[in-house]
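Report on the following structure.
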Amino acid sequence: MPAAASQAAVPATRAYRTQVARVVRLSPHFMRVTVTDEALADFGPQGVEATTRRTGLPAWDQRIKIFLPREGGTFPDLGLFADPPPSLMEWYTAWRQLPGAEQNPIRTYTVRAIRPLDREVDIDFVLHEERTGSMGPAASWAASARPGDELVVIGPDRRSEEPGGGIEWNPGTAREVMLAGDETAAPAICSILESLAVSDEAGVFFGEAYLEVPTSGDVLEVKPPAGVVVRWLPREDSPMGELLSAAVRDWGRRRQIIFEARRAAWAPGLARVGAPAGSGEHRELSPEEPVWEVADPEGFREYAWLAGEAGVITRLRRHLVKEIGLSRKQVSFMGYWKTGRAGA
């Protein structure tokens, strides 16, 4: 960027033309692809300064778009690297207008780690052929990726002064947290926990994280803050979502006793603890609506973050709000995928 240019001129989101630096099989169902490019020195949430820490920047649950190559390793020309770059609506419209044979697969993923000093970003892929019978384009690409392969990543530029996006983790005033998700949410949950661990308020957060994964071999290394207990739930032969649902419902039952005691002692001026059970605050979603809602838990003590298969996550959110008595403002829930439907 020219010296005379202001930070305000830097777009919040941009395209990065990256190359694969390393590919590591983490477990039977997780593959980590590390991509590199000089421009990744500026990759990250807006306003976050790079430091000398080798651990890198807090990544939270930062979403990105990955442009997978077409057969033969080529990409369509959508003007992504023009100056100024096109807006999301402009490049996406151009992509939609391409003949089907010329379109390349585009998928949404969560960043696992950001290391601006090394010009590297880690992206963890789930190899989920056991769930669908075959791997989708992103998992297939990751399974065969080799150093030097090109991957176009659309993500945040931390130099920008424009409002960013792609981070749904938002505990507000809450300091008791509960995170829950299946294997597709495991990279985001692990990233959130490690971001919390290095935050200025790491010592004031406590709670639990539940991660349902295909097998016991898929339990991954994660470094949470001292006050958050991580519970891995290997599914093995259990139905998808069964173990996760049981764990979240158990958490809800334990919290309900606490909520009722707090409401009995409530007085004006105390922090809110949630809507009364059966208040009707829960709103049923129509089948056409996206399973995606970001909470704003200002004034509350508890916060829940749920992500994974849309049907499972919707039922858990309904349970926490309608039956346990949490406010909708305390529960963020994201349908990362839906049974029988390809990702985007």
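Chain labels run A, B, ... following the order of the structure tokens; each chain numbers its residues from 1, and ligands are numbered from 1 in the order shown.
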
Taking the chain letters and numbering used in this document, name the residues of segment 22-95 of chain A that DSSP puts in alpha helix (DSSP H), as an NGL selection string. :A and (88-95)

TODO: With a distance cut-off of 7 Å and only C-alpha atoms, select the neighbouring residues of segment 243-257 of chain A, excluding the residue or stretch itself and same-chain residues fewer than 2 positions from it, and output the selection as number ranges by chain.
DONE: A: 210, 212, 233, 235, 241, 259-261, 316, 320, 324

Task: Minimum-distance residue to Pro156 of chain A, chosen among A:Gln62, A:Ser195, A:Ser332, A:Thr34 (using only C-alpha atoms) - done: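 Using only C-alpha atoms, Pro156 of chain A sits closest to A:Gln62.
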
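Distance annotation: of A:Trp60, A:Trp169, A:Tyr336, A:Trp91, the residue with the minimal separation from Thr108 of chain A is A:Tyr336; atom set is only C-alpha atoms.
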
Inset, instruction - Considering only C-alpha atoms, return as a ChimeraX atom specification whatever protein or nucleic-acid residues lie within 7 Å of Ala209 of chain A, sequence-local ones (same chain, fewer than 5 positions apart) excluded. - result: /A:178-180,229-231

Using C-alpha atoms, can you write the selected residues to a file as a PDB file, in the first residue's frame?
```pdb
ATOM      1  CA  MET A 178     -20.463 -23.161  27.066  1.00  0.00           C
ATOM      2  CA  LEU A 179     -19.264 -24.174  23.601  1.00  0.00           C
ATOM      3  CA  ALA A 180     -20.613 -27.199  21.748  1.00  0.00           C
ATOM      4  CA  VAL A 229     -12.955 -27.769  30.862  1.00  0.00           C
ATOM      5  CA  VAL A 230     -12.823 -29.464  27.436  1.00  0.00           C
ATOM      6  CA  ARG A 231     -14.817 -32.681  27.011  1.00  0.00           C
TER       7      ARG A 231
END
```
